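Visitor: One structure follows; several queries about it will come next.
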Amino acid sequence: TPNGGVFDKETYITIDVPKGCCAYYTWDRTDPTAESEKYITPILIPEGRNMLSVIIINDKTGATSVVYRGMFEYYESADEAED
């Protein structure tokens, strides 16, 4: 959460990872793999227009989820820039 959208302030994404699984993600529109960035703590949405891709991998079986893709746009608001 959130599942995508347009943001004008710094926002973090949290991923609900089932017990016994790990989540991996990319921002470059490629499919994530076990070699991609591992989700450990909430992810700060980078500035600009970005597509987050996430996959969940079961630690014991290696089974993978379908790839989640969400479009996230973050542009610093004028009010935030002045702070």
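The chains in the structure tokens are called A, B, ... from first to last as shown; in each chain the residues are counted from 1, and the ligands are counted from 1 in the order shown.
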Give me, as a PyMOL selection string, all polymer residues having an atom no more than 9 Å from Val67 of chain A, counting only C-alpha atoms and skipping those fewer than 3 positions away in the same chain.
Guide: chain A and resi 31-32+53-56+64
Visitor: Just the selected residues (N, CA and C atoms), exported as a PDB file, in the first residue's frame, please.
Guide:
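Final output, saved to out_0.pdb:
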```
ATOM      1  N   ASP A  31      10.893  -7.444 -14.988  1.00  0.00           N
ATOM      2  CA  ASP A  31      10.319  -8.393 -14.034  1.00  0.00           C
ATOM      3  C   ASP A  31      11.328  -8.655 -12.920  1.00  0.00           C
ATOM      4  N   PRO A  32      10.912  -8.525 -11.663  1.00  0.00           N
ATOM      5  CA  PRO A  32      11.839  -8.807 -10.565  1.00  0.00           C
ATOM      6  C   PRO A  32      12.109 -10.307 -10.433  1.00  0.00           C
ATOM      7  N   SER A  53       7.481  -2.881  -9.815  1.00  0.00           N
ATOM      8  CA  SER A  53       7.147  -4.276 -10.103  1.00  0.00           C
ATOM      9  C   SER A  53       7.606  -5.102  -8.909  1.00  0.00           C
ATOM     10  N   VAL A  54       6.714  -5.966  -8.402  1.00  0.00           N
ATOM     11  CA  VAL A  54       7.000  -6.760  -7.198  1.00  0.00           C
ATOM     12  C   VAL A  54       6.639  -8.214  -7.451  1.00  0.00           C
ATOM     13  N   ILE A  55       7.461  -9.103  -6.929  1.00  0.00           N
ATOM     14  CA  ILE A  55       7.167 -10.532  -6.957  1.00  0.00           C
ATOM     15  C   ILE A  55       7.408 -11.096  -5.562  1.00  0.00           C
ATOM     16  N   ILE A  56       6.593 -12.073  -5.180  1.00  0.00           N
ATOM     17  CA  ILE A  56       6.748 -12.775  -3.910  1.00  0.00           C
ATOM     18  C   ILE A  56       7.252 -14.179  -4.225  1.00  0.00           C
ATOM     19  N   THR A  64       6.562 -18.718  -7.202  1.00  0.00           N
ATOM     20  CA  THR A  64       6.501 -17.261  -7.333  1.00  0.00           C
ATOM     21  C   THR A  64       5.073 -16.803  -7.603  1.00  0.00           C
TER      22      THR A  64
END
```
Visitor: Considering only helix (DSSP H, G or I) as DSSP defines it on the backbone, what residues of chain A qualify? List them as a PDB file with C-alpha atoms, in the first residue's frame.
Guide:
```pdb
ATOM      1  CA  ALA A  78       5.844  23.907  -3.849  1.00  0.00           C
ATOM      2  CA  ASP A  79       4.863  23.898  -0.147  1.00  0.00           C
ATOM      3  CA  GLU A  80       7.210  21.001   0.607  1.00  0.00           C
ATOM      4  CA  ALA A  81      10.062  22.612  -1.337  1.00  0.00           C
ATOM      5  CA  GLU A  82       9.818  25.700   0.860  1.00  0.00           C
TER       6      GLU A  82
END
```
Visitor: Can you pull out every residue within 8 Å of Arg49 of chain A, counting only C-alpha atoms, but drop anything in the same chain fewer than 5 positions away, and send it as a PyMOL selection string?
Guide: chain A and resi 71-74
Visitor: Would you put the residues from that selection into a file with N, CA, C and O atoms, as a CSV table (one decimal), in the first residue's frame?
Guide:
```csv
chain,number,residue,atom,x,y,z
A,71,MET,N,1.8,2.0,-11.0
A,71,MET,CA,2.4,3.3,-11.5
A,71,MET,C,2.4,4.3,-10.3
A,71,MET,O,1.3,4.5,-9.7
A,72,PHE,N,3.5,4.8,-10.0
A,72,PHE,CA,3.6,5.8,-8.9
A,72,PHE,C,4.3,7.1,-9.4
A,72,PHE,O,5.3,7.0,-10.1
A,73,GLU,N,3.6,8.2,-9.2
A,73,GLU,CA,4.2,9.5,-9.6
A,73,GLU,C,4.4,10.4,-8.3
A,73,GLU,O,3.4,10.5,-7.6
A,74,TYR,N,5.6,10.9,-8.2
A,74,TYR,CA,5.8,11.8,-7.1
A,74,TYR,C,6.5,13.0,-7.6
A,74,TYR,O,7.6,12.9,-8.2
```
Visitor: Residues of chain A in strand (DSSP E or B) according to DSSP, as a PDB file with N, CA and C atoms, in the first residue's frame?
Guide:
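For reference, out-v9.pdb as written:
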```pdb
ATOM      1  N   GLY A   5      -0.511   5.684  -7.774  1.00  0.00           N
ATOM      2  CA  GLY A   5      -1.144   6.989  -7.707  1.00  0.00           C
ATOM      3  C   GLY A   5      -0.158   8.117  -7.896  1.00  0.00           C
ATOM      4  N   VAL A   6      -0.671   9.332  -7.683  1.00  0.00           N
ATOM      5  CA  VAL A   6       0.122  10.552  -7.821  1.00  0.00           C
ATOM      6  C   VAL A   6       0.243  11.176  -6.434  1.00  0.00           C
ATOM      7  N   PHE A   7       1.454  11.534  -6.060  1.00  0.00           N
ATOM      8  CA  PHE A   7       1.732  12.035  -4.723  1.00  0.00           C
ATOM      9  C   PHE A   7       2.509  13.347  -4.803  1.00  0.00           C
ATOM     10  N   TYR A  12       5.873   6.428   1.443  1.00  0.00           N
ATOM     11  CA  TYR A  12       6.505   5.111   1.480  1.00  0.00           C
ATOM     12  C   TYR A  12       5.490   4.039   1.101  1.00  0.00           C
ATOM     13  N   ILE A  13       5.983   3.009   0.423  1.00  0.00           N
ATOM     14  CA  ILE A  13       5.169   1.874   0.024  1.00  0.00           C
ATOM     15  C   ILE A  13       5.488   0.720   0.968  1.00  0.00           C
ATOM     16  N   CYS A  21       7.983 -16.253   3.029  1.00  0.00           N
ATOM     17  CA  CYS A  21       8.215 -15.733   1.684  1.00  0.00           C
ATOM     18  C   CYS A  21       9.089 -14.480   1.750  1.00  0.00           C
ATOM     19  N   CYS A  22       9.609 -14.089   0.613  1.00  0.00           N
ATOM     20  CA  CYS A  22      10.350 -12.838   0.463  1.00  0.00           C
ATOM     21  C   CYS A  22       9.795 -12.097  -0.747  1.00  0.00           C
ATOM     22  N   ALA A  23       9.887 -10.781  -0.704  1.00  0.00           N
ATOM     23  CA  ALA A  23       9.442  -9.951  -1.826  1.00  0.00           C
ATOM     24  C   ALA A  23      10.657  -9.285  -2.450  1.00  0.00           C
ATOM     25  N   TYR A  24      10.614  -9.160  -3.779  1.00  0.00           N
ATOM     26  CA  TYR A  24      11.675  -8.510  -4.538  1.00  0.00           C
ATOM     27  C   TYR A  24      11.033  -7.511  -5.482  1.00  0.00           C
ATOM     28  N   TYR A  25      11.751  -6.418  -5.771  1.00  0.00           N
ATOM     29  CA  TYR A  25      11.132  -5.379  -6.594  1.00  0.00           C
ATOM     30  C   TYR A  25      12.128  -4.690  -7.514  1.00  0.00           C
ATOM     31  N   THR A  26      11.565  -4.068  -8.550  1.00  0.00           N
ATOM     32  CA  THR A  26      12.336  -3.233  -9.475  1.00  0.00           C
ATOM     33  C   THR A  26      11.520  -1.970  -9.752  1.00  0.00           C
ATOM     34  N   ASP A  28      12.421  -0.316 -12.815  1.00  0.00           N
ATOM     35  CA  ASP A  28      12.782  -0.051 -14.221  1.00  0.00           C
ATOM     36  C   ASP A  28      11.933  -0.810 -15.235  1.00  0.00           C
ATOM     37  N   GLU A  37      16.241  -6.195  -6.009  1.00  0.00           N
ATOM     38  CA  GLU A  37      16.268  -5.576  -4.684  1.00  0.00           C
ATOM     39  C   GLU A  37      15.273  -6.299  -3.780  1.00  0.00           C
ATOM     40  N   LYS A  38      15.746  -6.730  -2.598  1.00  0.00           N
ATOM     41  CA  LYS A  38      14.877  -7.435  -1.653  1.00  0.00           C
ATOM     42  C   LYS A  38      14.136  -6.411  -0.792  1.00  0.00           C
ATOM     43  N   ILE A  43       9.410   1.268   1.159  1.00  0.00           N
ATOM     44  CA  ILE A  43      10.151   1.828   0.022  1.00  0.00           C
ATOM     45  C   ILE A  43       9.683   3.259  -0.235  1.00  0.00           C
ATOM     46  N   LEU A  44      10.619   4.183  -0.280  1.00  0.00           N
ATOM     47  CA  LEU A  44      10.301   5.575  -0.608  1.00  0.00           C
ATOM     48  C   LEU A  44      10.061   5.685  -2.110  1.00  0.00           C
ATOM     49  N   GLY A  48       9.397  11.591  -9.786  1.00  0.00           N
ATOM     50  CA  GLY A  48       9.115  11.362 -11.197  1.00  0.00           C
ATOM     51  C   GLY A  48       8.025  10.328 -11.365  1.00  0.00           C
ATOM     52  N   ARG A  49       7.928   9.803 -12.589  1.00  0.00           N
ATOM     53  CA  ARG A  49       6.921   8.789 -12.918  1.00  0.00           C
ATOM     54  C   ARG A  49       7.619   7.441 -12.982  1.00  0.00           C
ATOM     55  N   ASN A  50       7.206   6.507 -12.132  1.00  0.00           N
ATOM     56  CA  ASN A  50       7.913   5.242 -11.988  1.00  0.00           C
ATOM     57  C   ASN A  50       6.939   4.080 -11.906  1.00  0.00           C
ATOM     58  N   MET A  51       7.356   2.944 -12.447  1.00  0.00           N
ATOM     59  CA  MET A  51       6.558   1.731 -12.320  1.00  0.00           C
ATOM     60  C   MET A  51       7.253   0.774 -11.356  1.00  0.00           C
ATOM     61  N   LEU A  52       6.547   0.423 -10.292  1.00  0.00           N
ATOM     62  CA  LEU A  52       7.045  -0.551  -9.336  1.00  0.00           C
ATOM     63  C   LEU A  52       6.559  -1.933  -9.756  1.00  0.00           C
ATOM     64  N   SER A  53       7.481  -2.881  -9.815  1.00  0.00           N
ATOM     65  CA  SER A  53       7.147  -4.276 -10.103  1.00  0.00           C
ATOM     66  C   SER A  53       7.606  -5.102  -8.909  1.00  0.00           C
ATOM     67  N   VAL A  54       6.714  -5.966  -8.402  1.00  0.00           N
ATOM     68  CA  VAL A  54       7.000  -6.760  -7.198  1.00  0.00           C
ATOM     69  C   VAL A  54       6.639  -8.214  -7.451  1.00  0.00           C
ATOM     70  N   ILE A  55       7.461  -9.103  -6.929  1.00  0.00           N
ATOM     71  CA  ILE A  55       7.167 -10.532  -6.957  1.00  0.00           C
ATOM     72  C   ILE A  55       7.408 -11.096  -5.562  1.00  0.00           C
ATOM     73  N   ILE A  56       6.593 -12.073  -5.180  1.00  0.00           N
ATOM     74  CA  ILE A  56       6.748 -12.775  -3.910  1.00  0.00           C
ATOM     75  C   ILE A  56       7.252 -14.179  -4.225  1.00  0.00           C
ATOM     76  N   ILE A  57       8.293 -14.605  -3.501  1.00  0.00           N
ATOM     77  CA  ILE A  57       8.859 -15.937  -3.714  1.00  0.00           C
ATOM     78  C   ILE A  57       8.804 -16.717  -2.398  1.00  0.00           C
ATOM     79  N   ASN A  58       8.257 -17.941  -2.470  1.00  0.00           N
ATOM     80  CA  ASN A  58       8.195 -18.810  -1.304  1.00  0.00           C
ATOM     81  C   ASN A  58       9.599 -19.326  -1.001  1.00  0.00           C
ATOM     82  N   THR A  64       6.562 -18.718  -7.202  1.00  0.00           N
ATOM     83  CA  THR A  64       6.501 -17.261  -7.333  1.00  0.00           C
ATOM     84  C   THR A  64       5.073 -16.803  -7.603  1.00  0.00           C
ATOM     85  N   TYR A  68       3.227  -8.048  -9.608  1.00  0.00           N
ATOM     86  CA  TYR A  68       2.387  -6.871  -9.371  1.00  0.00           C
ATOM     87  C   TYR A  68       3.067  -5.686 -10.028  1.00  0.00           C
ATOM     88  N   ARG A  69       2.315  -4.852 -10.720  1.00  0.00           N
ATOM     89  CA  ARG A  69       2.852  -3.617 -11.288  1.00  0.00           C
ATOM     90  C   ARG A  69       1.957  -2.455 -10.875  1.00  0.00           C
ATOM     91  N   GLY A  70       2.581  -1.393 -10.424  1.00  0.00           N
ATOM     92  CA  GLY A  70       1.848  -0.199 -10.038  1.00  0.00           C
ATOM     93  C   GLY A  70       2.587   1.040 -10.484  1.00  0.00           C
ATOM     94  N   MET A  71       1.837   2.024 -11.004  1.00  0.00           N
ATOM     95  CA  MET A  71       2.441   3.283 -11.451  1.00  0.00           C
ATOM     96  C   MET A  71       2.383   4.276 -10.292  1.00  0.00           C
ATOM     97  N   PHE A  72       3.534   4.845  -9.994  1.00  0.00           N
ATOM     98  CA  PHE A  72       3.649   5.812  -8.904  1.00  0.00           C
ATOM     99  C   PHE A  72       4.288   7.080  -9.447  1.00  0.00           C
ATOM    100  N   GLU A  73       3.642   8.205  -9.196  1.00  0.00           N
ATOM    101  CA  GLU A  73       4.193   9.499  -9.591  1.00  0.00           C
ATOM    102  C   GLU A  73       4.356  10.352  -8.349  1.00  0.00           C
ATOM    103  N   TYR A  74       5.552  10.904  -8.187  1.00  0.00           N
ATOM    104  CA  TYR A  74       5.812  11.799  -7.061  1.00  0.00           C
ATOM    105  C   TYR A  74       6.534  13.026  -7.583  1.00  0.00           C
TER     106      TYR A  74
END
```
Visitor: One number please: atom CA of Glu47 of chain A to atom CA of Tyr75 of chain A, in Å, one decimal.
Guide: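 Computing the Euclidean distance for atom CA of Glu47 of chain A and atom CA of Tyr75 of chain A yields 5.7 Å.
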